[in-house]
Amino acid sequence: LVAARAGFHSLAVVDSDRQSCETLRSNKRSSVAHVRDWDILETDVRSLDFSNYAGIDLLSGGPPCQPFSQGGKRDGRSDTRDMLPHFIRAVRECQPRTFLIENVKGLLHRTFIDYFNYVIFQLRFPQVSRNKGEKWTEHRARLERLYTSGKFTGLKYNVIWQVLNSANFGVAQRRQRVFVVGVRADLG
């Protein structure tokens, strides 16, 4: 919704939850501004081919927060609901000009900070995939070396992140969220 209000035209809105999609469809039928033109895909992102959206301006998503939320089991990357790897795959496949991720502040908890940093490095170099048999910590170390060398010539993104409180932006509740923004490095 925020992207639509910023002037972006959505090519697709993806969610696997039937009730959420039905709510969106209901809003679409009611001609709710910004929603009426959405292509709502009720599917699992794990099976979606993002190369169909190659070259888009913005890839925006809020991968499920439950793996990192204080209110959950906090299983992090071992939780089957962790869709951050699929967001990274989406970046790799569609190579957007920019991307935006929103998630819970719990992602920055000391239990998950190494994984969060790994996600950031993967987003910086989305085409540098993990090798067969390579542990995620080894892959992270390889990505860190690419970053510090400054010599990588393939697809890369300038990535920043920040914690923002929704109450500071006109929302009637205090909700701290992590926002990760990436801009393709070749765009200057």
# chains A, B, ... in the order shown; residues from 1 in each chain; ligands from 1
>>> residues_around(residues="region 53-57 of chain A", least_positions_apart="4", cutoff="8 Å", atoms="only C-alpha atoms", output="PDB file with N, CA and C atoms, in the first residue's frame")
ATOM      1  N   GLU A  93      16.526 -13.252  -8.994  1.00  0.00           N
ATOM      2  CA  GLU A  93      15.819 -13.588 -10.226  1.00  0.00           C
ATOM      3  C   GLU A  93      15.267 -12.379 -10.977  1.00  0.00           C
ATOM      4  N   CYS A  94      14.765 -11.377 -10.267  1.00  0.00           N
ATOM      5  CA  CYS A  94      14.166 -10.248 -10.998  1.00  0.00           C
ATOM      6  C   CYS A  94      15.071  -9.023 -11.053  1.00  0.00           C
ATOM      7  N   GLN A  95      16.125  -8.991 -10.284  1.00  0.00           N
ATOM      8  CA  GLN A  95      17.109  -7.905 -10.301  1.00  0.00           C
ATOM      9  C   GLN A  95      16.452  -6.516 -10.329  1.00  0.00           C
ATOM     10  N   PRO A  96      15.652  -6.221  -9.308  1.00  0.00           N
ATOM     11  CA  PRO A  96      14.965  -4.928  -9.280  1.00  0.00           C
ATOM     12  C   PRO A  96      15.952  -3.778  -9.140  1.00  0.00           C
ATOM     13  N   ARG A  97      15.494  -2.594  -9.508  1.00  0.00           N
ATOM     14  CA  ARG A  97      16.328  -1.405  -9.305  1.00  0.00           C
ATOM     15  C   ARG A  97      16.502  -1.154  -7.801  1.00  0.00           C
ATOM     16  N   THR A  98      15.442  -1.389  -7.050  1.00  0.00           N
ATOM     17  CA  THR A  98      15.472  -1.201  -5.593  1.00  0.00           C
ATOM     18  C   THR A  98      14.650  -2.303  -4.926  1.00  0.00           C
TER      19      THR A  98
END
>>> closest_atom_pairs(of="region 13-75 of chain A", to="region 164-187 of chain A", cutoff="12 Å", atoms="only C-alpha atoms", output="Markdown table")
| residue | atom | partner | partner_atom | distance |
| --- | --- | --- | --- | --- |
| A:Gly55 | CA | A:Arg184 | CA | 10.8 |
| A:Ile56 | CA | A:Arg184 | CA | 11.5 |
| A:Asp57 | CA | A:Val183 | CA | 9.8 |
| A:Leu58 | CA | A:Val183 | CA | 9.2 |
| A:Leu59 | CA | A:Gly182 | CA | 9.6 |
| A:Ser60 | CA | A:Val181 | CA | 9.3 |
| A:Gly61 | CA | A:Val180 | CA | 10.1 |
| A:Gly62 | CA | A:Phe179 | CA | 9.4 |
| A:Pro63 | CA | A:Phe179 | CA | 11.6 |
| A:Cys65 | CA | A:Arg177 | CA | 10.1 |
| A:Phe68 | CA | A:Val178 | CA | 11.4 |
| A:Ser69 | CA | A:Arg177 | CA | 10.9 |
>>> write_last_selection(atoms="C-alpha atoms", output="CSV table (one decimal), in the first residue's frame")
chain,number,residue,atom,x,y,z
A,55,GLY,CA,13.9,-5.4,-14.3
A,56,ILE,CA,11.1,-4.0,-12.0
A,57,ASP,CA,11.7,-0.8,-10.2
A,58,LEU,CA,10.8,-2.0,-6.7
A,59,LEU,CA,10.5,-5.4,-5.0
A,60,SER,CA,8.8,-4.9,-1.7
A,61,GLY,CA,8.0,-7.5,0.9
A,62,GLY,CA,7.3,-8.3,4.5
A,63,PRO,CA,8.5,-11.9,4.9
A,65,CYS,CA,7.9,-12.3,11.2
A,68,PHE,CA,12.0,-13.9,14.8
A,69,SER,CA,9.1,-12.5,16.9
>>> atom_distance(atom1="CA of Leu155 (chain A)", atom2="CA of Arg92 (chain A)")
8.7 Å
>>> residues_around(residues="Arg46 (chain A)", least_positions_apart="4", cutoff="12 Å", atoms="only C-alpha atoms", output="list in words")
Val14, Asp15, Ser16, Phe50, Pro63, Thr80, Arg81, Asp82, Met83, Leu84, Pro85, His86, Phe87, Ile88, Arg89 and Ala90 of chain A
>>> select_by_dssp(residues="region 93-177 of chain A", states="strand (DSSP E or B)", output="list in words")
Thr98, Phe99, Leu100, Ile101, Glu102, Asn103, Val104, Tyr157, Asn158, Val159, Ile160, Trp161, Gln162, Val163, Leu164, Asn165, Gln176 and Arg177 of chain A
>>> write_last_selection(atoms="all heavy atoms", output="compact mmCIF listing (two decimals), in the first residue's frame")
# COMPACT_ATOMS: atom_id res chain seq x y z
N THR A 98 15.44 -1.39 -7.05
CA THR A 98 15.47 -1.20 -5.59
C THR A 98 14.65 -2.30 -4.93
O THR A 98 13.81 -2.94 -5.56
CB THR A 98 14.86 0.15 -5.18
OG1 THR A 98 13.51 0.22 -5.66
CG2 THR A 98 15.65 1.32 -5.73
N PHE A 99 14.90 -2.50 -3.64
CA PHE A 99 14.05 -3.41 -2.87
C PHE A 99 13.86 -2.86 -1.47
O PHE A 99 14.63 -2.02 -1.00
CB PHE A 99 14.60 -4.84 -2.84
CG PHE A 99 15.94 -5.00 -2.17
CD1 PHE A 99 16.07 -5.04 -0.78
CD2 PHE A 99 17.09 -5.15 -2.93
CE1 PHE A 99 17.29 -5.20 -0.18
CE2 PHE A 99 18.33 -5.31 -2.33
CZ PHE A 99 18.43 -5.34 -0.96
N LEU A 100 12.79 -3.34 -0.84
CA LEU A 100 12.44 -2.91 0.51
C LEU A 100 11.89 -4.11 1.27
O LEU A 100 11.01 -4.81 0.77
CB LEU A 100 11.37 -1.81 0.45
CG LEU A 100 10.68 -1.41 1.76
CD1 LEU A 100 11.67 -0.70 2.67
CD2 LEU A 100 9.49 -0.52 1.48
N ILE A 101 12.43 -4.36 2.45
CA ILE A 101 11.95 -5.43 3.33
C ILE A 101 11.54 -4.79 4.65
O ILE A 101 12.22 -3.91 5.17
CB ILE A 101 13.05 -6.47 3.63
CG1 ILE A 101 13.55 -7.13 2.36
CG2 ILE A 101 12.55 -7.52 4.63
CD1 ILE A 101 14.75 -8.05 2.59
N GLU A 102 10.43 -5.28 5.20
CA GLU A 102 9.97 -4.86 6.53
C GLU A 102 9.84 -6.11 7.38
O GLU A 102 9.33 -7.13 6.90
CB GLU A 102 8.63 -4.14 6.40
CG GLU A 102 7.99 -3.76 7.71
CD GLU A 102 7.03 -4.83 8.23
OE1 GLU A 102 6.48 -5.60 7.43
OE2 GLU A 102 6.86 -4.90 9.47
N ASN A 103 10.34 -6.06 8.61
CA ASN A 103 10.23 -7.19 9.52
C ASN A 103 10.28 -6.70 10.97
O ASN A 103 10.50 -5.52 11.22
CB ASN A 103 11.33 -8.23 9.24
CG ASN A 103 10.89 -9.63 9.52
OD1 ASN A 103 10.64 -9.99 10.65
ND2 ASN A 103 10.80 -10.45 8.46
N VAL A 104 10.11 -7.62 11.90
CA VAL A 104 10.09 -7.27 13.32
C VAL A 104 11.49 -6.92 13.83
O VAL A 104 12.49 -7.41 13.30
CB VAL A 104 9.49 -8.41 14.18
CG1 VAL A 104 8.03 -8.59 13.92
CG2 VAL A 104 10.26 -9.70 14.01
N TYR A 157 24.20 -4.65 -4.72
CA TYR A 157 23.29 -3.63 -4.19
C TYR A 157 23.95 -2.90 -3.03
O TYR A 157 24.68 -3.50 -2.23
CB TYR A 157 21.99 -4.28 -3.69
CG TYR A 157 21.09 -4.73 -4.82
CD1 TYR A 157 21.29 -5.95 -5.44
CD2 TYR A 157 20.04 -3.93 -5.25
CE1 TYR A 157 20.48 -6.36 -6.49
CE2 TYR A 157 19.22 -4.33 -6.30
CZ TYR A 157 19.45 -5.54 -6.90
OH TYR A 157 18.64 -5.94 -7.94
N ASN A 158 23.66 -1.61 -2.94
CA ASN A 158 23.99 -0.84 -1.75
C ASN A 158 22.82 -1.05 -0.80
O ASN A 158 21.67 -0.77 -1.16
CB ASN A 158 24.16 0.64 -2.09
CG ASN A 158 25.31 0.87 -3.06
OD1 ASN A 158 26.36 0.26 -2.93
ND2 ASN A 158 25.10 1.72 -4.04
N VAL A 159 23.12 -1.57 0.38
CA VAL A 159 22.07 -1.96 1.32
C VAL A 159 22.26 -1.24 2.65
O VAL A 159 23.36 -1.19 3.19
CB VAL A 159 22.09 -3.49 1.56
CG1 VAL A 159 21.00 -3.91 2.54
CG2 VAL A 159 21.94 -4.24 0.24
N ILE A 160 21.16 -0.68 3.15
CA ILE A 160 21.15 -0.07 4.48
C ILE A 160 19.92 -0.60 5.21
O ILE A 160 18.97 -1.06 4.60
CB ILE A 160 21.13 1.47 4.44
CG1 ILE A 160 19.89 1.99 3.69
CG2 ILE A 160 22.41 2.01 3.81
CD1 ILE A 160 19.66 3.48 3.83
N TRP A 161 19.96 -0.50 6.53
CA TRP A 161 18.80 -0.90 7.32
C TRP A 161 18.66 0.06 8.50
O TRP A 161 19.63 0.70 8.91
CB TRP A 161 18.92 -2.35 7.80
CG TRP A 161 20.08 -2.62 8.72
CD1 TRP A 161 21.33 -3.03 8.35
CD2 TRP A 161 20.09 -2.50 10.14
NE1 TRP A 161 22.12 -3.17 9.47
CE2 TRP A 161 21.39 -2.86 10.57
CE3 TRP A 161 19.13 -2.13 11.09
CZ2 TRP A 161 21.75 -2.86 11.91
CZ3 TRP A 161 19.50 -2.13 12.43
CH2 TRP A 161 20.79 -2.49 12.82
N GLN A 162 17.44 0.12 9.00
CA GLN A 162 17.16 0.99 10.14
C GLN A 162 15.90 0.50 10.85
O GLN A 162 14.99 -0.03 10.22
CB GLN A 162 16.97 2.43 9.67
CG GLN A 162 16.83 3.43 10.79
CD GLN A 162 16.86 4.86 10.27
OE1 GLN A 162 16.99 5.12 9.08
NE2 GLN A 162 16.73 5.81 11.18
N VAL A 163 15.86 0.71 12.16
CA VAL A 163 14.67 0.43 12.95
C VAL A 163 13.84 1.71 13.00
O VAL A 163 14.35 2.77 13.34
CB VAL A 163 15.03 -0.03 14.39
CG1 VAL A 163 13.77 -0.22 15.22
CG2 VAL A 163 15.84 -1.30 14.36
N LEU A 164 12.56 1.58 12.63
CA LEU A 164 11.65 2.72 12.65
C LEU A 164 10.44 2.38 13.51
O LEU A 164 9.99 1.23 13.53
CB LEU A 164 11.19 3.07 11.23
CG LEU A 164 12.29 3.47 10.25
CD1 LEU A 164 11.72 3.63 8.85
CD2 LEU A 164 12.98 4.74 10.69
N ASN A 165 9.92 3.39 14.19
CA ASN A 165 8.75 3.23 15.03
C ASN A 165 7.54 3.79 14.28
O ASN A 165 7.53 4.96 13.90
CB ASN A 165 8.94 3.97 16.36
CG ASN A 165 7.82 3.72 17.35
OD1 ASN A 165 6.72 3.31 16.97
ND2 ASN A 165 8.11 3.95 18.61
N GLN A 176 7.89 -1.11 16.54
CA GLN A 176 9.23 -0.96 15.98
C GLN A 176 9.46 -2.04 14.94
O GLN A 176 9.23 -3.23 15.21
CB GLN A 176 10.27 -1.01 17.08
CG GLN A 176 10.19 0.18 18.01
CD GLN A 176 11.39 0.31 18.90
OE1 GLN A 176 12.05 -0.66 19.23
NE2 GLN A 176 11.68 1.53 19.31
N ARG A 177 9.91 -1.62 13.76
CA ARG A 177 10.12 -2.52 12.65
C ARG A 177 11.49 -2.26 12.04
O ARG A 177 11.98 -1.13 12.03
CB ARG A 177 9.06 -2.30 11.55
CG ARG A 177 7.68 -2.73 11.96
CD ARG A 177 7.64 -4.25 12.04
NE ARG A 177 6.30 -4.77 12.08
CZ ARG A 177 5.79 -5.40 13.12
NH1 ARG A 177 6.49 -5.55 14.22
NH2 ARG A 177 4.58 -5.89 13.08
>>> atom_distance(atom1="CA of Thr137 (chain A)", atom2="CA of Pro67 (chain A)")
19.1 Å
>>> residues_around(residues="Arg142 (chain A)", least_positions_apart="5", cutoff="12 Å", atoms="only C-alpha atoms", output="list of chain:residue names")
A:Tyr118, A:Phe121, A:Gln122, A:Phe125, A:Val128, A:Ser129, A:Arg130, A:Asn131, A:Glu134, A:Lys135, A:Trp136, A:Thr137, A:Tyr147, A:Thr148, A:Ser149, A:Phe152
>>> atom_distance(atom1="CA of Gln19 (chain A)", atom2="CA of Gln66 (chain A)")
17.8 Å
>>> residues_around(residues="Thr43 (chain A)", least_positions_apart="3", cutoff="12 Å", atoms="only C-alpha atoms", output="count of residues only")
14
>>> closest_residue(among="A:Leu24, A:Val91, A:Arg74, A:Glu138", to="Ser51 (chain A)", atoms="only C-alpha atoms")
A:Val91
>>> closest_residue(among="A:Phe116, A:Thr23, A:His9, A:Asp79", to="Trp38 (chain A)", atoms="only C-alpha atoms")
A:His9
>>> closest_residue(among="A:Arg25, A:Leu108, A:Arg124, A:Arg5", to="Gly150 (chain A)", atoms="only C-alpha atoms")
A:Arg124
